[in-house]
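Engineer: As input, take run15.cif (mmCIF, C-alpha atoms and all ligand atoms):
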data_upload
#
loop_
_atom_site.label_atom_id
_atom_site.label_comp_id
_atom_site.auth_asym_id
_atom_site.auth_seq_id
_atom_site.Cartn_x
_atom_site.Cartn_y
_atom_site.Cartn_z
CA MET A 749 31.97 4.11 -1.53
CA PRO A 750 29.16 2.11 -3.12
CA SER A 751 29.51 -1.65 -2.93
CA LEU A 752 30.61 -3.55 -6.00
CA PRO A 753 27.81 -4.73 -8.22
CA VAL A 754 27.00 -8.34 -7.59
CA GLY A 755 28.13 -10.50 -10.45
CA PRO A 756 26.85 -13.71 -11.97
CA SER A 757 28.20 -16.94 -10.54
CA ARG A 758 31.15 -18.41 -12.46
CA ARG A 759 28.90 -21.15 -13.84
CA ASP A 760 26.24 -18.61 -14.86
CA PHE A 761 28.90 -16.45 -16.43
CA ILE A 762 30.23 -19.29 -18.56
CA ARG A 763 26.64 -20.03 -19.60
CA LEU A 764 26.05 -16.38 -20.47
CA VAL A 765 29.16 -16.28 -22.62
CA ALA A 766 28.26 -19.60 -24.25
CA THR A 767 24.78 -18.37 -25.13
CA GLY A 768 26.08 -15.04 -26.35
CA SER A 769 24.34 -13.12 -23.57
CA ALA A 770 27.47 -11.89 -21.85
CA ALA A 771 26.46 -8.31 -22.59
CA LEU A 772 23.57 -8.81 -20.17
CA ALA A 773 26.08 -9.21 -17.40
CA GLY A 774 27.29 -5.68 -18.30
CA GLY A 775 29.12 -3.87 -15.55
CA ASN A 776 29.38 -7.07 -13.54
CA LEU A 777 32.52 -8.13 -15.40
CA LEU A 778 34.53 -6.23 -12.82
CA TRP A 779 33.57 -8.81 -10.29
CA SER A 780 34.99 -11.74 -12.23
CA GLN A 781 38.47 -10.21 -12.26
CA ALA A 782 38.99 -9.71 -8.56
CA GLY A 783 37.11 -9.12 -5.34
CA PRO A 784 35.05 -11.31 -3.08
CA ALA A 785 33.67 -14.66 -4.12
CA PRO A 786 30.10 -14.49 -5.41
CA LYS A 787 27.44 -14.65 -2.74
CA GLU A 788 25.02 -17.50 -2.88
CA LYS A 789 22.41 -15.40 -1.09
CA LEU A 790 22.18 -11.66 -1.59
CA GLY A 791 21.55 -9.51 1.49
CA VAL A 792 18.19 -7.72 1.74
CA ALA A 793 17.40 -4.86 4.12
CA LEU A 794 13.76 -4.05 4.78
CA LEU A 795 13.04 -0.33 5.06
CA GLY A 796 9.91 0.23 7.19
CA LEU A 797 8.98 -2.50 9.66
CA GLY A 798 5.19 -2.16 9.53
CA LYS A 799 2.55 -4.83 8.99
CA TYR A 800 3.61 -6.03 5.58
CA SER A 801 7.28 -6.35 6.52
CA ALA A 802 6.54 -8.08 9.82
CA GLY A 803 3.71 -10.29 8.61
CA GLN A 804 4.89 -11.27 5.13
CA LEU A 805 8.28 -10.12 3.88
CA GLY A 806 10.34 -10.99 6.96
CA PRO A 807 8.92 -14.52 7.24
CA ALA A 808 9.25 -14.99 3.46
CA LEU A 809 12.96 -14.13 3.70
CA LYS A 810 13.37 -17.24 5.83
CA GLU A 811 12.21 -19.30 2.84
CA THR A 812 14.15 -17.60 0.05
CA LYS A 813 16.99 -19.39 -1.74
CA HIS A 814 18.74 -16.48 -3.45
CA CYS A 815 18.51 -13.81 -0.75
CA GLN A 816 18.22 -13.40 3.00
CA LEU A 817 17.48 -10.67 5.52
CA THR A 818 20.73 -8.99 6.56
CA GLY A 819 19.56 -5.62 7.85
CA VAL A 820 16.73 -3.21 8.56
CA ILE A 821 16.04 0.51 8.34
CA THR A 822 13.57 1.64 10.97
CA GLY A 823 12.46 4.68 12.95
CA VAL A 824 12.39 2.63 16.16
CA ARG A 825 15.76 1.27 17.33
CA GLU A 826 14.22 -1.32 19.72
CA LYS A 827 12.22 -2.79 16.85
CA GLY A 828 15.44 -3.16 14.86
CA GLU A 829 17.13 -4.89 17.84
CA LYS A 830 14.31 -7.42 18.00
CA TRP A 831 14.53 -8.09 14.27
CA ALA A 832 18.31 -8.58 14.54
CA MET A 833 17.73 -11.17 17.31
CA ASP A 834 14.89 -12.93 15.47
CA TYR A 835 16.64 -13.06 12.10
CA GLY A 836 20.24 -13.38 13.29
CA PHE A 837 21.91 -10.41 11.63
CA PRO A 838 24.47 -8.14 13.34
CA ARG A 839 23.27 -5.06 15.23
CA GLU A 840 25.56 -2.91 13.05
CA ASN A 841 23.09 -3.62 10.23
CA ILE A 842 20.29 -1.73 11.98
CA TYR A 843 19.90 1.73 10.44
CA SER A 844 17.57 4.64 11.13
CA TYR A 845 16.09 6.93 8.47
CA GLU A 846 18.80 9.40 9.45
CA THR A 847 21.75 6.98 9.18
CA MET A 848 20.54 4.87 6.24
CA ASP A 849 22.80 6.55 3.68
CA LYS A 850 25.74 4.79 5.40
CA ILE A 851 24.38 1.55 3.99
CA ALA A 852 26.60 2.42 1.00
CA ASN A 853 29.55 1.09 3.02
CA ASN A 854 27.91 -2.16 4.06
CA PRO A 855 28.72 -5.05 1.71
CA ALA A 856 26.29 -7.33 3.58
CA ILE A 857 23.38 -5.41 2.04
CA ASP A 858 22.81 -5.70 -1.71
CA ILE A 859 19.09 -4.90 -1.99
CA VAL A 860 16.87 -2.53 -0.02
CA TYR A 861 13.11 -3.18 -0.01
CA VAL A 862 11.10 0.03 0.57
CA VAL A 863 7.95 -0.86 2.54
CA THR A 864 6.58 2.51 3.67
CA PRO A 865 3.46 4.43 2.63
CA PRO A 866 3.65 5.23 -1.11
CA GLY A 867 4.04 9.00 -0.58
CA LEU A 868 7.53 8.25 0.80
CA HIS A 869 8.66 5.72 -1.82
CA ARG A 870 10.37 8.24 -4.10
CA GLU A 871 12.51 9.82 -1.39
CA PHE A 872 13.64 6.45 -0.05
CA VAL A 873 14.26 4.90 -3.46
CA GLU A 874 16.40 7.88 -4.40
CA ARG A 875 18.47 7.55 -1.24
CA VAL A 876 18.92 3.81 -1.73
CA ALA A 877 20.00 4.32 -5.35
CA LYS A 878 22.49 6.99 -4.28
CA ALA A 879 23.90 4.48 -1.78
CA GLY A 880 24.51 2.15 -4.75
CA LYS A 881 22.09 -0.58 -3.66
CA HIS A 882 19.48 -2.35 -5.77
CA VAL A 883 15.91 -1.57 -4.79
CA ILE A 884 12.44 -3.04 -4.64
CA THR A 885 9.62 -0.63 -3.85
CA GLU A 886 6.20 -1.69 -2.67
CA LYS A 887 3.03 -0.98 -4.64
CA PRO A 888 1.74 1.49 -5.64
CA MET A 889 5.15 2.56 -6.91
CA ALA A 890 4.60 6.22 -5.96
CA THR A 891 1.87 8.85 -5.85
CA SER A 892 2.57 10.58 -9.18
CA VAL A 893 3.86 9.80 -12.66
CA GLU A 894 6.60 12.36 -12.12
CA ASP A 895 7.82 10.56 -8.99
CA CYS A 896 7.84 7.18 -10.75
CA GLN A 897 9.87 8.60 -13.62
CA ALA A 898 12.36 10.19 -11.21
CA MET A 899 12.80 6.84 -9.45
CA ILE A 900 13.45 5.05 -12.75
CA ASP A 901 15.89 7.75 -13.84
CA ILE A 902 17.99 7.74 -10.69
CA CYS A 903 18.24 3.94 -10.63
CA LYS A 904 19.43 3.99 -14.25
CA ALA A 905 21.91 6.77 -13.52
CA ARG A 906 23.29 4.93 -10.49
CA LYS A 907 23.30 1.57 -12.32
CA VAL A 908 21.14 -0.19 -9.75
CA ARG A 909 18.15 -2.41 -10.50
CA LEU A 910 14.60 -1.31 -9.65
CA SER A 911 11.57 -3.51 -9.18
CA VAL A 912 8.01 -3.12 -7.85
CA GLY A 913 6.55 -5.52 -5.27
CA TYR A 914 4.05 -7.05 -7.69
CA ARG A 915 4.05 -10.49 -6.04
CA LEU A 916 1.16 -11.89 -8.12
CA HIS A 917 3.33 -12.26 -11.21
CA PHE A 918 4.92 -15.21 -9.38
CA ASP A 919 1.68 -16.76 -8.15
CA LEU A 920 0.67 -19.94 -9.97
CA TYR A 921 -2.99 -18.96 -10.49
CA HIS A 922 -2.02 -15.62 -11.98
CA ARG A 923 0.66 -17.27 -14.08
CA GLU A 924 -2.06 -19.52 -15.48
CA LEU A 925 -4.01 -16.38 -16.44
CA VAL A 926 -0.94 -15.10 -18.29
CA ARG A 927 -0.38 -18.50 -19.93
CA LEU A 928 -3.96 -18.54 -21.20
CA ALA A 929 -3.63 -14.93 -22.37
CA ARG A 930 -0.44 -15.64 -24.30
CA SER A 931 -1.44 -19.02 -25.74
CA LYS A 932 -4.94 -17.76 -26.62
CA GLU A 933 -6.21 -21.23 -25.74
CA PHE A 934 -9.69 -19.70 -25.19
CA GLY A 935 -9.08 -16.88 -27.68
CA ALA A 936 -8.17 -13.39 -26.47
CA PHE A 937 -9.78 -12.26 -23.21
CA THR A 938 -12.21 -9.48 -24.14
CA LYS A 939 -14.44 -9.02 -21.08
CA LEU A 940 -12.92 -8.44 -17.66
CA THR A 941 -14.82 -7.86 -14.45
CA GLY A 942 -13.71 -7.65 -10.83
CA LYS A 943 -14.05 -6.19 -7.38
CA ARG A 944 -11.53 -5.54 -4.63
CA ALA A 945 -12.71 -3.98 -1.38
CA PHE A 946 -12.51 -4.06 2.39
CA VAL A 947 -14.09 -2.05 5.17
CA MET A 948 -11.69 0.53 6.63
CA GLN A 949 -12.71 0.88 10.26
CA LYS A 950 -10.58 3.82 11.33
CA HIS A 951 -8.22 6.47 10.07
CA ALA A 952 -4.98 5.21 8.44
CA TRP A 953 -2.35 6.58 6.02
CA ARG A 954 -4.24 4.72 3.27
CA ILE A 955 -6.87 7.50 3.33
CA GLU A 956 -4.43 10.41 3.55
CA LYS A 957 -3.92 11.92 0.11
CA LYS A 958 -0.29 12.86 0.68
CA LEU A 959 0.85 9.45 1.95
CA GLY A 960 -1.50 7.15 0.03
CA GLY A 961 -1.75 9.20 -3.18
CA GLY A 962 -5.50 8.55 -3.15
CA GLY A 963 -7.86 6.00 -1.63
CA PRO A 964 -8.86 2.46 -2.68
CA ILE A 965 -7.88 3.04 -6.31
CA MET A 966 -4.23 3.36 -5.25
CA ASP A 967 -4.24 0.64 -2.60
CA LEU A 968 -6.65 -1.95 -4.07
CA GLY A 969 -7.72 -0.87 -7.55
CA ILE A 970 -4.14 -1.26 -8.69
CA TYR A 971 -4.54 -5.07 -8.36
CA LEU A 972 -7.50 -5.04 -10.76
CA ILE A 973 -5.51 -2.89 -13.18
CA GLN A 974 -2.67 -5.40 -12.95
CA GLY A 975 -5.08 -8.32 -13.50
CA ALA A 976 -6.53 -6.67 -16.61
CA CYS A 977 -3.11 -5.92 -18.09
CA MET A 978 -2.03 -9.51 -17.42
CA ALA A 979 -5.19 -10.89 -19.03
CA THR A 980 -4.94 -8.71 -22.13
CA GLN A 981 -1.14 -8.43 -22.25
CA GLU A 982 -1.89 -4.81 -23.16
CA THR A 983 -2.09 -1.35 -21.61
CA PRO A 984 -5.51 0.35 -21.69
CA VAL A 985 -5.94 3.20 -24.14
CA SER A 986 -8.67 5.01 -22.21
CA VAL A 987 -10.63 4.98 -18.96
CA LEU A 988 -14.01 6.22 -17.73
CA ALA A 989 -14.48 6.48 -13.96
CA ARG A 990 -17.17 7.48 -11.48
CA GLU A 991 -16.68 8.04 -7.77
CA GLU A 992 -19.57 6.56 -5.79
CA PRO A 993 -21.34 8.76 -3.20
CA LYS A 994 -19.68 8.55 0.23
CA LYS A 995 -21.46 6.81 3.11
CA LYS A 996 -18.78 7.93 5.59
CA PRO A 997 -17.77 11.40 4.40
CA ASP A 998 -16.12 12.25 7.73
CA LEU A 999 -13.69 9.33 7.47
CA PHE A 1000 -13.04 9.65 3.74
CA ASN A 1001 -12.53 13.41 3.78
CA GLU A 1002 -9.39 13.45 1.60
CA VAL A 1003 -9.86 10.55 -0.81
CA GLU A 1004 -12.57 8.52 -2.57
CA GLU A 1005 -14.47 5.93 -0.55
CA SER A 1006 -15.43 3.85 -3.61
CA MET A 1007 -14.76 4.01 -7.34
CA ARG A 1008 -16.31 2.32 -10.37
CA TRP A 1009 -14.39 2.46 -13.62
CA SER A 1010 -13.99 0.92 -17.03
CA MET A 1011 -10.93 0.57 -19.23
CA ASN A 1012 -10.73 0.06 -23.00
CA PHE A 1013 -7.82 -1.91 -24.45
CA PRO A 1014 -6.33 -1.54 -27.94
CA GLY A 1015 -7.39 -5.07 -28.98
CA GLY A 1016 -11.03 -4.36 -28.06
CA ALA A 1017 -11.15 -5.79 -24.52
CA VAL A 1018 -13.23 -3.92 -21.95
CA ALA A 1019 -12.74 -4.04 -18.16
CA ASP A 1020 -15.40 -3.07 -15.61
CA PHE A 1021 -14.15 -2.80 -12.04
CA PHE A 1022 -15.18 -1.62 -8.58
CA THR A 1023 -13.04 -0.86 -5.56
CA SER A 1024 -13.91 0.41 -2.11
CA PHE A 1025 -12.76 0.98 1.46
CA ASN A 1026 -16.35 0.46 2.64
CA ASP A 1027 -17.38 -2.88 1.15
CA ASN A 1028 -16.01 -6.40 0.80
CA GLY A 1029 -14.83 -8.41 -2.17
CA ASP A 1030 -11.85 -9.93 -3.92
CA GLN A 1031 -12.87 -11.38 -7.29
CA PHE A 1032 -11.72 -11.34 -10.89
CA ARG A 1033 -13.11 -12.84 -14.10
CA ALA A 1034 -11.79 -12.83 -17.66
CA GLU A 1035 -13.94 -14.04 -20.55
CA ALA A 1036 -12.81 -15.08 -24.02
CA PRO A 1037 -14.75 -16.45 -27.02
CA ARG A 1038 -14.01 -20.11 -26.18
CA GLY A 1039 -13.64 -20.08 -22.39
CA TRP A 1040 -13.17 -18.16 -19.18
CA PHE A 1041 -10.88 -17.78 -16.15
CA GLU A 1042 -12.23 -16.82 -12.76
CA LEU A 1043 -10.90 -16.24 -9.25
CA THR A 1044 -13.86 -16.35 -6.92
CA GLU A 1045 -12.12 -15.92 -3.55
CA HIS A 1046 -9.00 -14.02 -2.48
CA ALA A 1047 -8.25 -13.25 -6.12
CA PHE A 1048 -5.45 -10.84 -5.20
CA THR A 1049 -4.57 -11.89 -1.63
CA TYR A 1050 -1.71 -14.11 -0.58
CA ARG A 1051 -3.72 -16.91 0.96
CA GLY A 1052 -6.92 -18.81 0.21
CA MET A 1053 -7.11 -18.19 -3.53
CA LYS A 1054 -9.87 -20.18 -5.22
CA GLY A 1055 -10.81 -20.31 -8.84
CA ALA A 1056 -11.71 -22.21 -11.97
CA THR A 1057 -11.54 -21.98 -15.71
CA SER A 1058 -14.15 -23.20 -18.17
CA LYS A 1059 -12.15 -26.48 -18.19
CA GLY A 1060 -12.69 -27.06 -14.45
CA PRO A 1061 -11.41 -26.06 -11.00
CA MET A 1062 -7.83 -24.80 -10.65
CA THR A 1063 -5.86 -26.53 -7.93
CA PHE A 1064 -2.45 -24.95 -8.01
CA GLU A 1065 -0.13 -25.03 -5.03
CA ALA A 1066 -0.41 -21.91 -2.86
CA ILE A 1067 3.21 -20.82 -3.04
CA ASN A 1068 4.84 -18.14 -0.89
CA GLN A 1069 4.41 -15.29 -3.37
CA GLN A 1070 6.70 -12.90 -1.52
CA ALA A 1071 9.53 -15.44 -1.34
CA ALA A 1072 9.17 -16.19 -5.06
CA GLN A 1073 9.10 -12.48 -5.90
CA MET A 1074 12.22 -11.63 -3.86
CA ASP A 1075 14.09 -14.70 -5.10
CA ASP A 1076 13.36 -13.75 -8.69
CA PHE A 1077 14.68 -10.23 -8.17
CA ALA A 1078 17.81 -11.53 -6.43
CA GLU A 1079 18.39 -13.83 -9.41
CA CYS A 1080 17.91 -10.89 -11.78
CA VAL A 1081 20.56 -8.94 -9.87
CA LYS A 1082 22.92 -11.91 -9.92
CA THR A 1083 22.53 -12.77 -13.59
CA GLY A 1084 21.68 -9.45 -15.24
CA ARG A 1085 18.30 -10.79 -16.45
CA GLU A 1086 15.45 -8.24 -16.71
CA THR A 1087 12.85 -8.37 -13.95
CA PRO A 1088 9.29 -9.10 -15.12
CA VAL A 1089 8.09 -6.39 -12.69
CA PRO A 1090 10.28 -3.34 -13.40
CA GLY A 1091 9.83 0.30 -12.45
CA GLU A 1092 8.37 0.93 -15.91
CA MET A 1093 5.42 -1.31 -15.02
CA GLY A 1094 4.84 0.63 -11.80
CA LEU A 1095 4.94 3.86 -13.81
CA ARG A 1096 2.45 2.47 -16.35
CA ASP A 1097 0.00 1.71 -13.55
CA ILE A 1098 0.31 5.19 -12.02
CA ARG A 1099 -0.41 6.66 -15.46
CA ILE A 1100 -3.62 4.60 -15.43
CA THR A 1101 -4.64 5.60 -11.87
CA THR A 1102 -3.94 9.25 -12.75
CA ALA A 1103 -6.26 8.93 -15.76
CA ILE A 1104 -8.92 7.30 -13.55
CA TYR A 1105 -8.84 10.22 -11.10
CA GLU A 1106 -9.03 12.72 -13.94
CA SER A 1107 -11.98 10.92 -15.47
CA ALA A 1108 -13.79 10.80 -12.11
CA ARG A 1109 -13.19 14.54 -11.70
CA THR A 1110 -14.24 15.58 -15.21
CA GLY A 1111 -16.84 12.90 -16.00
CA LYS A 1112 -15.15 12.37 -19.36
CA VAL A 1113 -13.30 9.52 -21.05
CA VAL A 1114 -9.58 10.09 -20.48
CA ASN A 1115 -6.83 8.67 -22.70
CA VAL A 1116 -4.02 6.91 -20.87
P1 LIG B 1201 2.22 0.02 7.79
O1 LIG B 1201 1.55 1.30 8.16
O2 LIG B 1201 1.90 -1.20 8.60
O3 LIG B 1201 3.80 0.20 7.79
C1 LIG B 1201 4.40 1.35 7.24
C2 LIG B 1201 5.81 1.48 7.75
O4 LIG B 1201 6.36 2.70 7.26
C3 LIG B 1201 5.89 1.54 9.28
O5 LIG B 1201 7.02 0.83 9.73
C4 LIG B 1201 6.09 3.02 9.55
O6 LIG B 1201 6.78 3.27 10.75
C5 LIG B 1201 6.94 3.42 8.35
N1 LIG B 1201 6.92 4.86 8.11
C6 LIG B 1201 8.03 5.59 7.92
N2 LIG B 1201 7.70 6.89 7.80
C7 LIG B 1201 6.38 6.96 7.93
C8 LIG B 1201 5.46 8.05 7.91
N3 LIG B 1201 5.85 9.33 7.69
N4 LIG B 1201 4.15 7.78 8.07
C9 LIG B 1201 3.72 6.52 8.23
N5 LIG B 1201 4.55 5.44 8.27
C10 LIG B 1201 5.87 5.68 8.11
O7 LIG B 1201 1.88 -0.22 6.25
P2 LIG B 1201 2.03 -1.57 5.43
O8 LIG B 1201 0.71 -2.23 5.35
O9 LIG B 1201 3.17 -2.34 5.91
O10 LIG B 1201 2.31 -0.97 3.96
C11 LIG B 1201 3.58 -0.51 3.57
C12 LIG B 1201 3.70 -0.60 2.03
O11 LIG B 1201 3.51 -1.96 1.65
C13 LIG B 1201 2.68 0.21 1.26
O12 LIG B 1201 3.23 0.67 0.06
C14 LIG B 1201 1.58 -0.82 0.96
O13 LIG B 1201 0.79 -0.51 -0.16
C15 LIG B 1201 2.43 -2.05 0.72
N6 LIG B 1201 1.72 -3.31 0.96
C16 LIG B 1201 1.78 -4.23 -0.02
C17 LIG B 1201 1.13 -5.43 0.13
C18 LIG B 1201 1.24 -6.47 -0.94
O14 LIG B 1201 0.53 -7.45 -0.90
N7 LIG B 1201 2.13 -6.29 -1.91
C19 LIG B 1201 0.39 -5.69 1.29
C20 LIG B 1201 0.36 -4.72 2.30
C21 LIG B 1201 1.02 -3.52 2.11
#
Please express the file's structure as structure tokens.
Ligand code: NAD

Structural biologist:
Amino acid sequence: MPSLPVGPSRRDFIRLVATGSAALAGGNLLWSQAGPAPKEKLGVALLGLGKYSAGQLGPALKETKHCQLTGVITGVREKGEKWAMDYGFPRENIYSYETMDKIANNPAIDIVYVVTPPGLHREFVERVAKAGKHVITEKPMATSVEDCQAMIDICKARKVRLSVGYRLHFDLYHRELVRLARSKEFGAFTKLTGKRAFVMQKHAWRIEKKLGGGGPIMDLGIYLIQGACMATQETPVSVLAREEPKKKPDLFNEVEESMRWSMNFPGGAVADFFTSFNDNGDQFRAEAPRGWFELTEHAFTYRGMKGATSKGPMTFEAINQQAAQMDDFAECVKTGRETPVPGEMGLRDIRITTAIYESARTGKVVNV
């Protein structure tokens, strides 16, 4: 039987009623009548214990205020045992990909975070939703528009919340970009440029079409797309893309090695971007009539971000983006508030990457 939806705290509930937003709490009313006391921290299970889980998400869950790590889903039992020891959750909360559907009966787990290659996101999100748990899926959301839509649909049908791991929406530098975009302090951003690239040394799922959905566009280009949509507060209407000639055709035999593309936005903004698995770079710049915003180093990474605006250097605190992202989602689940990074945003971005690939293939401008 699926676990009960997690309700708002009693104080939050009174506030929701007082502000007339009780409807937001929706199906959570059940909780207020009976059942267990509200949890202060929701339980998160990480699905896929690869580099991102081990290096970032696990450690971030030690810093979160609204959620904590209470389980894992892994193909390697011994790995799960080590995580249970390190993070102090019971061994019963270690699941395999075969047994994970039983998570439905585990009230210690409220949210499952899918951290596998993108080609597997749909299958896992569907299983999590069927188990009645809320779900975060890593970026890119999936490898096709159809898969993204199916993920949104099943989460709606099962009344669970769905979010994409777009951590930069919680980063203070990127929030400043959004603030400037919304306030139009410099006017609207109309010219966007950027690069995101690293040198892939050896074969990895990121260059397998089935698992990665494509090459650097899917893994890295998606950050530039996100940056442009944040700067314009719009979705592009059309794209024009060109795949660069391959220097290592044997390695990149299924996907692009590098891609150059432009995007046109409804308000007139134009973005020119480059991404590659055989180059280096992590920069972003947005120009407006009366000023500019620029990230010169680690524009889309979690550490070492540097940047300035036309008013001077930016010196924001380097927060733990992953902790902020997971805490925000846990709060959304608790209160019924909408997440700023929903499945629909992940779907929008896959529509854009799909248009980029079509443009690169046909040489024509493609409408999004
Ligand atoms: P990884 O290869 O290090 O880990 C992938 C995990 O998936 C492993 O535990 C692996 O065992 C598991 N897995 C299950 N079935 C698999 C299969 N059939 N083939 C391959 N692996 C399988 O990758 P990662 O770097 O941890 O990336 C995982 C996800 O996280 C991807 O969607 C990636 O784009 C995303 N990611 C996001 C960020 C970010 O900043 N938001 C950073 C890194 C990775």

Engineer: For A:Thr980, list every protein, DNA or RNA residue within 8 Å, evaluated using all atoms listed in the file, and leave out those in the same chain fewer than 3 positions away; present the list as a list of chain:residue names.

Structural biologist: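 Within the cut-off, the hits are A:Ala929, A:Ala936, A:Phe937, A:Thr938, A:Ala976, A:Cys977, A:Thr983, A:Phe1013, A:Ala1017.
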
Engineer: For ligand LIG 1201 (chain B), collect every residue having any atom at a distance of at most 6 Å from a ligand atom (counting all atoms listed in the file); output as a PyMOL selection string.

Structural biologist: chain A and resi 796-801+863-866+886-888+913+967

Engineer: Given all atoms listed in the file as the basis, pick out the residue of A:Arg1038, A:Lys939, A:Lys830, A:Lys996 nearest to A:Ala1019.

Structural biologist: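 Looking only at the distances to A:Ala1019, the closest residue turns out to be A:Lys939.
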
Engineer: Here is a test: counting all atoms listed in the file, which residue of A:Ile1098, A:Val1114, A:Ile842, A:Leu916 is nearest to A:Asp895?

Structural biologist: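 Closest candidate: A:Ile1098.
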
Engineer: Just to confirm, what's the straight-line distance from atom CA of A:Glu874 to atom CA of A:Leu817 in Å (one decimal)?

Structural biologist: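 These two atoms are separated by 21.1 Å.
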
Engineer: I'd like the neighbourhood of A:Ala1066 as number ranges by chain, where a residue qualifies if any of its atoms comes within 12 Å (using only C-alpha atoms), though same-chain residues fewer than 2 positions away should be ignored.

Structural biologist: A: 916, 918-922, 1046, 1049-1054, 1062-1064, 1068-1072

Engineer: Which neighbours of A:Ile884 fall inside 6 Å, counting all atoms listed in the file, when residues of the same chain fewer than 5 positions from it are skipped, and could you give them as a PDB file with C-alpha atoms, in the coordinates of the input?

Structural biologist:
ATOM      1  CA  TYR A 861      13.110  -3.180  -0.010  1.00  0.00           C
ATOM      2  CA  LEU A 910      14.600  -1.310  -9.650  1.00  0.00           C
ATOM      3  CA  SER A 911      11.570  -3.510  -9.180  1.00  0.00           C
ATOM      4  CA  VAL A 912       8.010  -3.120  -7.850  1.00  0.00           C
TER       5      VAL A 912
END

Engineer: Find the residues around A:Leu999 up to 10 Å (all atoms listed in the file counted), leave out those fewer than 5 positions away in its own chain, and share them as a compact mmCIF listing (two decimals) with C-alpha atoms, in the coordinates of the input.

Structural biologist:
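What landed in selection14.txt:
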# COMPACT_ATOMS: atom_id res chain seq x y z
CA MET A 948 -11.69 0.53 6.63
CA GLN A 949 -12.71 0.88 10.26
CA LYS A 950 -10.58 3.82 11.33
CA HIS A 951 -8.22 6.47 10.07
CA ALA A 952 -4.98 5.21 8.44
CA ILE A 955 -6.87 7.50 3.33
CA LYS A 994 -19.68 8.55 0.23
CA GLU A 1005 -14.47 5.93 -0.55

Engineer: Identify which of the residues A:Trp1040, A:Tyr843, A:Tyr1105, A:Trp1009 lies closest to A:Ala989, counting only C-alpha atoms when measuring atom-to-atom distances.

Structural biologist: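 So, comparing all the options, the nearest one is A:Trp1009.
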